Amino acid sequence: MKLSGRTRRRITALLVAEALASLTSLIAFAGDVKLIANPTVKSDTITPAEIKRIFLLEGNSLDDGTRVEPVLKRSGSTHEMFLKKFLGTNGDALQAYYGTQVFTGKGSMPKQLGSDAEIVTYVAKRKGAIGYVSEDAATEGVKTLVVATTGSGVQRKLISRIEPEYPETLDRLNIGGTVRLQITIAAKGNVEKVELLGGNPILAEAAISAVRQWVYSPGSGRTTTEVIIPFSPRH
Amino acid sequence: MGRRIFSLAFFCACFCTGEVTVLAQEFKLLGREVQIHGFASQGFIYTNDNNWLTMNTSQGSAAFTDMGLNMSSQITDKFRAGAQVYDRNLGQLGQYHPSLDWAFADYRFRTWLGIRGGKVKTTLGLFNDTQDLDFLHTFALLPQGIYPADLRDTSIAHTGGDIYGDIALHRHLGTLSFTAYAGHRSDSIYSGYAYLLTDFFVYFRSLEGLQYGGDLRWKTPLPGLLVGASRLNGEITGKGKYINLFDPTAGLVPYQISSKAEWTNQYYGEYAVRKWRFDAEYRRYFRDEPYADSLDSIDLRAWYLAGAYRICKRLEAGSYYSRYTVRNVFSGTLALVEPNETDTSLPQNHIYDKVITARVDLNRFWNVKIEGHFMDGYGDATYPDGFYPQVNPEGFKPNTNALVLKTSFHF
């Protein structure tokens, strides 16, 4: 059987996409956690310092003043990954910490749910709720927050965010992933330079193309920021 | 009897409420979410020789119960309020007299600045404010030289105010947390100090005074490493009655004591990495107590080094070594009848405790601990340290081994 040139190209593309997907899953890094928020949360980005503050009950609002409420998973690899990456602790130590807060009157026990689906449902319904789920979890009804770390120590506010277009082939194959980028923001607020730090190259292409159009608040100089963009298949 | 019934009802309420609130421990009140949490623990101690912690432990004693129930609410973004009731029985102490453990309002202006007012648990060292929350600790009994179960009341809380905050240091140098406080302490007359003095025919009706101090702790850039220092200044005035041994026919006559100086310094460090956790603390407590023309100076020094390892999800093992020494110096007329006790190598002036423990977490809310204590010395001073002459009428033996079993539940 002779395949047409078009069919051959299609098959090749699919094989390449699959190979890339497996490669991505092999080199998955510890940032494979998606931060999600109720749509009432104004900001599209969140910094590690904000995450730490909110989940350690040291404050209950983001830097822009939005009141938020943390929602955690009870256990599991996503939970441990989140704790290690953003809070620098583990599940036992965190429970002891929350216990100390609750039984000395210094804090309330945050909501803790069993699965990604429960967290997404709760966050979707609860005003100001912020939680985390595994990167491949369906996130209907919630917004995904970009975790931004500012290399220069200055936080720039994201004013205009363009969502990346999901590459059709990967979407059809139900392949998701996370892309890590380092971006340089000019004083005026436009994205001047984008560098790929990790992730599926096909997803990265879409992410880079979108991020180049982002606009941040003006600053006194150039700043660098790390952004993490999760891609969840829509089908 | 009435108190026991009340406590039993309270205990049952905690458990029953727990069963329900493990699933739903929140409710709405005037549009605000209110959380209810509680805990209860029950212990058993058996010792080979001396009776310990005012219990008849040489026969095996289960007079080792405590429980608490709290209610709190985050009323606005920055304002929260709550209260906790606490009740316990430890041998001759506590005797199921419930007390208000803490009850305060808290306003946090910024992450780096907040204030609390009311009855507030005192921040002192790693575990002062959580020493009675068994489920938070690996050990059934924390190092008694620093966190004496029989003297819980002396430092657990103050009625007054705290200023506190967390300051994120630049250049990723970690976080500094500070607490400064001042208030009034009110010790239970069912605590160890009041009980010890009944051996001297002194019967207190109140033990109270000022308490003020601060705590500074640094969460270092090395994840899991925390170091800190605390200082507590205080004074204590005890009022009651006593029998004057020089004139016993007069019966019970009014009695009052006041401390001249009373302070505690505490330094501590904690390091948690993977499944390991290490804690170390040093405490020095000093107190000068005048009696007519005499002065009784107590100088306690204690330290410990503890390590714990989480073997699997449900099992944790731990061990600590603690050293406690006491010096008792008398001046004035008292010095003529009471010899100074400054040789800390003698068993009456020290307690060295080697401890091993295993903690089994049956589920997220319920644990069981089994612990062995191997103690050298009994620290027989005019300040309590776990070994009381009243429950050891035939005198003390130099060594004590103890088996501690404890279970605790919280929700």
# chains A, B, ... in the order shown; residues from 1 in each chain; ligands from 1
$ interface_residues --of "chain A" --to "chain B" --cutoff "10 Å" --atoms "only C-alpha atoms" --output "short mmCIF file (atom, residue, chain, number, x, y, z; two decimals) with N, CA and C atoms, in the first residue's frame"
data_model
loop_
_atom_site.label_atom_id
_atom_site.label_comp_id
_atom_site.auth_asym_id
_atom_site.auth_seq_id
_atom_site.Cartn_x
_atom_site.Cartn_y
_atom_site.Cartn_z
N ALA A 49 6.37 33.87 46.79
CA ALA A 49 6.24 34.51 48.12
C ALA A 49 4.77 34.61 48.52
N ARG A 53 2.97 32.71 51.69
CA ARG A 53 2.23 33.52 52.68
C ARG A 53 0.80 33.00 52.86
N LEU A 57 -0.70 30.59 56.12
CA LEU A 57 -1.68 31.37 56.90
C LEU A 57 -1.07 32.65 57.48
N GLU A 58 -0.01 33.15 56.82
CA GLU A 58 0.60 34.39 57.31
C GLU A 58 -0.12 35.62 56.76
N GLY A 59 -0.99 35.42 55.83
CA GLY A 59 -1.77 36.51 55.28
C GLY A 59 -2.88 35.89 54.45
N ASN A 60 -3.93 36.66 54.19
CA ASN A 60 -5.01 36.07 53.40
C ASN A 60 -5.38 36.93 52.20
N SER A 61 -4.39 37.69 51.72
CA SER A 61 -4.65 38.44 50.49
C SER A 61 -3.41 38.46 49.62
N THR A 66 -6.50 41.34 46.80
CA THR A 66 -7.61 40.38 46.67
C THR A 66 -7.57 39.38 47.82
N ARG A 67 -8.70 39.21 48.48
CA ARG A 67 -8.76 38.24 49.57
C ARG A 67 -8.85 36.83 48.97
N VAL A 68 -8.02 35.96 49.48
CA VAL A 68 -8.01 34.60 48.95
C VAL A 68 -8.05 33.59 50.09
N ARG A 74 -5.20 16.53 50.52
CA ARG A 74 -4.88 15.87 51.78
C ARG A 74 -3.54 15.13 51.72
N LYS A 84 6.92 20.75 48.79
CA LYS A 84 8.38 20.81 48.68
C LYS A 84 8.81 22.03 47.86
N LEU A 87 6.49 25.50 49.63
CA LEU A 87 6.47 25.79 51.06
C LEU A 87 7.73 25.28 51.77
N GLY A 88 8.53 24.49 51.06
CA GLY A 88 9.76 23.98 51.66
C GLY A 88 9.50 23.08 52.85
N THR A 89 8.43 22.29 52.80
CA THR A 89 8.11 21.43 53.93
C THR A 89 7.52 20.12 53.41
N ASN A 90 7.07 19.27 54.32
CA ASN A 90 6.39 18.03 53.90
C ASN A 90 5.04 17.93 54.60
N ASP A 92 3.65 15.95 56.90
CA ASP A 92 3.59 15.81 58.36
C ASP A 92 3.89 17.14 59.04
N ALA A 93 4.96 17.77 58.56
CA ALA A 93 5.37 19.04 59.19
C ALA A 93 4.27 20.09 58.98
N GLN A 95 1.00 19.56 58.66
CA GLN A 95 -0.14 19.26 59.54
C GLN A 95 0.17 19.71 60.97
N ALA A 96 1.42 19.48 61.40
CA ALA A 96 1.81 19.91 62.76
C ALA A 96 1.74 21.43 62.85
N TYR A 97 2.17 22.08 61.78
CA TYR A 97 2.13 23.55 61.76
C TYR A 97 0.69 24.06 61.83
N TYR A 98 -0.18 23.47 61.02
CA TYR A 98 -1.59 23.89 61.06
C TYR A 98 -2.20 23.60 62.43
N GLY A 99 -1.85 22.44 63.01
CA GLY A 99 -2.35 22.09 64.34
C GLY A 99 -1.94 23.13 65.37
N THR A 100 -0.68 23.55 65.28
CA THR A 100 -0.19 24.59 66.20
C THR A 100 -1.01 25.86 66.05
N GLN A 101 -1.26 26.24 64.81
CA GLN A 101 -2.01 27.47 64.56
C GLN A 101 -3.43 27.37 65.12
N VAL A 102 -4.08 26.25 64.83
CA VAL A 102 -5.49 26.08 65.21
C VAL A 102 -5.67 25.96 66.72
N PHE A 103 -4.79 25.19 67.37
CA PHE A 103 -5.00 24.94 68.80
C PHE A 103 -4.33 25.98 69.70
N THR A 104 -3.63 26.95 69.09
CA THR A 104 -3.21 28.10 69.90
C THR A 104 -4.02 29.33 69.50
N GLY A 105 -4.96 29.14 68.61
CA GLY A 105 -5.87 30.23 68.24
C GLY A 105 -5.34 31.17 67.18
N LYS A 106 -4.19 30.83 66.59
CA LYS A 106 -3.56 31.79 65.69
C LYS A 106 -3.99 31.65 64.23
N GLY A 107 -4.76 30.61 63.93
CA GLY A 107 -5.20 30.44 62.55
C GLY A 107 -6.31 29.43 62.44
N SER A 108 -6.95 29.41 61.27
CA SER A 108 -8.02 28.44 61.02
C SER A 108 -7.46 27.32 60.16
N MET A 109 -8.03 26.15 60.30
CA MET A 109 -7.59 25.02 59.49
C MET A 109 -8.05 25.24 58.05
N GLY A 153 14.00 40.77 41.54
CA GLY A 153 13.43 41.07 42.85
C GLY A 153 12.31 42.09 42.79
#
$ select_by_dssp --residues "segment 87-137 of chain A" --states "helix (DSSP H, G or I)" --output "PyMOL selection string"
chain A and resi 87+91-103+116-125
$ atom_distance --atom1 "atom CA of Asn328 of chain B" --atom2 "atom CA of Gly238 of chain B"
19.7 Å
$ residues_around --residues "Asn190 of chain A" --least-positions-apart "4" --cutoff "12 Å" --atoms "only C-alpha atoms" --output "ChimeraX atom specification"
/A:156-161,183-186,194,211-219,221-224
$ write_last_selection --atoms "C-alpha atoms" --output "PDB file, in the first residue's frame"
ATOM      1  CA  ARG A 156       5.681  43.571  37.646  1.00  0.00           C
ATOM      2  CA  LYS A 157       1.945  43.343  37.264  1.00  0.00           C
ATOM      3  CA  LEU A 158       0.608  41.498  34.223  1.00  0.00           C
ATOM      4  CA  ILE A 159      -1.842  43.855  32.473  1.00  0.00           C
ATOM      5  CA  SER A 160      -2.651  41.994  29.301  1.00  0.00           C
ATOM      6  CA  ARG A 161      -2.398  38.252  28.939  1.00  0.00           C
ATOM      7  CA  ILE A 183      11.101  36.431  30.072  1.00  0.00           C
ATOM      8  CA  THR A 184      12.668  39.842  30.053  1.00  0.00           C
ATOM      9  CA  ILE A 185      10.243  42.726  30.455  1.00  0.00           C
ATOM     10  CA  ALA A 186      11.250  46.113  29.138  1.00  0.00           C
ATOM     11  CA  VAL A 194      11.712  34.951  25.897  1.00  0.00           C
ATOM     12  CA  VAL A 211       3.914  35.416  25.947  1.00  0.00           C
ATOM     13  CA  ARG A 212       5.605  37.726  23.447  1.00  0.00           C
ATOM     14  CA  GLN A 213       2.279  39.601  23.293  1.00  0.00           C
ATOM     15  CA  TRP A 214       1.894  39.980  27.062  1.00  0.00           C
ATOM     16  CA  VAL A 215       2.036  43.463  28.545  1.00  0.00           C
ATOM     17  CA  TYR A 216       3.204  44.236  32.065  1.00  0.00           C
ATOM     18  CA  SER A 217       2.963  47.391  34.116  1.00  0.00           C
ATOM     19  CA  PRO A 218       5.703  49.937  33.327  1.00  0.00           C
ATOM     20  CA  GLY A 219       8.742  49.858  35.584  1.00  0.00           C
ATOM     21  CA  GLY A 221      14.000  49.343  34.255  1.00  0.00           C
ATOM     22  CA  ARG A 222      14.225  45.939  32.692  1.00  0.00           C
ATOM     23  CA  THR A 223      13.170  42.930  34.834  1.00  0.00           C
ATOM     24  CA  THR A 224      13.340  39.186  34.344  1.00  0.00           C
TER      25      THR A 224
END
$ select_by_dssp --residues "segment 23-258 of chain B" --states "strand (DSSP E)" --output "NGL selection string"
:B and (26-29 or 32-47 or 61-74 or 79-90 or 99-110 or 113-121 or 157-168 or 175-187 or 202-219 or 225-234 or 237-243 or 252-258)
$ atom_distance --atom1 "atom CA of Leu173 of chain B" --atom2 "atom CA of Pro48 of chain A"
15.0 Å
$ decode --residues "segment 305-375 of chain B" --atoms "C-alpha atoms" --output "PDB file, in the first residue's frame"
ATOM      1  CA  LEU B 305      18.752  16.960  72.070  1.00  0.00           C
ATOM      2  CA  ALA B 306      15.957  15.095  70.291  1.00  0.00           C
ATOM      3  CA  GLY B 307      15.735  13.240  67.005  1.00  0.00           C
ATOM      4  CA  ALA B 308      12.817  11.625  65.241  1.00  0.00           C
ATOM      5  CA  TYR B 309      12.521   9.577  62.074  1.00  0.00           C
ATOM      6  CA  ARG B 310       9.337   8.845  60.137  1.00  0.00           C
ATOM      7  CA  ILE B 311       9.749   5.172  59.240  1.00  0.00           C
ATOM      8  CA  CYS B 312       6.572   4.963  57.230  1.00  0.00           C
ATOM      9  CA  LYS B 313       3.270   6.783  56.937  1.00  0.00           C
ATOM     10  CA  ARG B 314       1.938   5.352  60.198  1.00  0.00           C
ATOM     11  CA  LEU B 315       5.086   4.907  62.278  1.00  0.00           C
ATOM     12  CA  GLU B 316       7.581   7.362  63.704  1.00  0.00           C
ATOM     13  CA  ALA B 317      10.459   6.594  66.056  1.00  0.00           C
ATOM     14  CA  GLY B 318      12.223   9.101  68.259  1.00  0.00           C
ATOM     15  CA  SER B 319      14.698   9.522  71.027  1.00  0.00           C
ATOM     16  CA  TYR B 320      15.996  12.316  73.217  1.00  0.00           C
ATOM     17  CA  TYR B 321      18.508  12.892  75.908  1.00  0.00           C
ATOM     18  CA  SER B 322      17.838  15.627  78.423  1.00  0.00           C
ATOM     19  CA  ARG B 323      19.793  16.989  81.346  1.00  0.00           C
ATOM     20  CA  TYR B 324      18.299  19.020  84.129  1.00  0.00           C
ATOM     21  CA  THR B 325      20.221  20.439  87.079  1.00  0.00           C
ATOM     22  CA  VAL B 326      19.057  22.505  90.025  1.00  0.00           C
ATOM     23  CA  ARG B 327      20.984  24.661  92.453  1.00  0.00           C
ATOM     24  CA  ASN B 328      19.288  25.829  95.615  1.00  0.00           C
ATOM     25  CA  VAL B 329      21.094  28.541  97.604  1.00  0.00           C
ATOM     26  CA  PHE B 330      19.800  29.980 100.885  1.00  0.00           C
ATOM     27  CA  SER B 331      20.782  33.125 102.703  1.00  0.00           C
ATOM     28  CA  GLY B 332      19.758  34.752 106.015  1.00  0.00           C
ATOM     29  CA  THR B 333      18.237  32.706 108.831  1.00  0.00           C
ATOM     30  CA  LEU B 334      17.099  30.054 106.339  1.00  0.00           C
ATOM     31  CA  ALA B 335      20.748  29.271 105.616  1.00  0.00           C
ATOM     32  CA  LEU B 336      21.134  28.125 109.227  1.00  0.00           C
ATOM     33  CA  VAL B 337      18.592  25.342 108.815  1.00  0.00           C
ATOM     34  CA  GLU B 338      18.765  24.562 105.087  1.00  0.00           C
ATOM     35  CA  PRO B 339      22.084  23.559 103.536  1.00  0.00           C
ATOM     36  CA  ASN B 340      22.882  24.908 100.079  1.00  0.00           C
ATOM     37  CA  GLU B 341      22.497  22.410  97.280  1.00  0.00           C
ATOM     38  CA  THR B 342      25.011  23.241  94.567  1.00  0.00           C
ATOM     39  CA  ASP B 343      26.632  19.926  93.745  1.00  0.00           C
ATOM     40  CA  THR B 344      24.736  18.973  90.597  1.00  0.00           C
ATOM     41  CA  SER B 345      26.442  15.591  90.373  1.00  0.00           C
ATOM     42  CA  LEU B 346      24.262  14.386  93.260  1.00  0.00           C
ATOM     43  CA  PRO B 347      20.992  12.644  92.310  1.00  0.00           C
ATOM     44  CA  GLN B 348      18.958  15.091  94.422  1.00  0.00           C
ATOM     45  CA  ASN B 349      20.215  17.930  92.223  1.00  0.00           C
ATOM     46  CA  HIS B 350      19.807  16.520  88.756  1.00  0.00           C
ATOM     47  CA  ILE B 351      17.662  14.446  86.425  1.00  0.00           C
ATOM     48  CA  TYR B 352      19.263  12.945  83.334  1.00  0.00           C
ATOM     49  CA  ASP B 353      16.699  11.299  81.130  1.00  0.00           C
ATOM     50  CA  LYS B 354      17.255   8.973  78.168  1.00  0.00           C
ATOM     51  CA  VAL B 355      14.095   8.419  76.165  1.00  0.00           C
ATOM     52  CA  ILE B 356      13.020   6.232  73.289  1.00  0.00           C
ATOM     53  CA  THR B 357       9.593   6.359  71.745  1.00  0.00           C
ATOM     54  CA  ALA B 358       7.454   4.956  68.973  1.00  0.00           C
ATOM     55  CA  ARG B 359       4.415   6.776  67.664  1.00  0.00           C
ATOM     56  CA  VAL B 360       1.801   4.967  65.641  1.00  0.00           C
ATOM     57  CA  ASP B 361      -0.657   7.081  63.685  1.00  0.00           C
ATOM     58  CA  LEU B 362      -3.773   4.969  63.413  1.00  0.00           C
ATOM     59  CA  ASN B 363      -5.290   7.605  61.161  1.00  0.00           C
ATOM     60  CA  ARG B 364      -5.017  11.361  60.678  1.00  0.00           C
ATOM     61  CA  PHE B 365      -6.783  12.059  63.950  1.00  0.00           C
ATOM     62  CA  TRP B 366      -5.731   9.315  66.327  1.00  0.00           C
ATOM     63  CA  ASN B 367      -2.320   8.151  67.502  1.00  0.00           C
ATOM     64  CA  VAL B 368      -0.819   5.817  70.095  1.00  0.00           C
ATOM     65  CA  LYS B 369       2.613   6.223  71.666  1.00  0.00           C
ATOM     66  CA  ILE B 370       4.804   3.910  73.649  1.00  0.00           C
ATOM     67  CA  GLU B 371       7.756   5.449  75.393  1.00  0.00           C
ATOM     68  CA  GLY B 372      10.547   4.424  77.743  1.00  0.00           C
ATOM     69  CA  HIS B 373      12.275   6.824  80.162  1.00  0.00           C
ATOM     70  CA  PHE B 374      15.506   5.920  81.886  1.00  0.00           C
ATOM     71  CA  MET B 375      16.140   8.555  84.522  1.00  0.00           C
TER      72      MET B 375
END
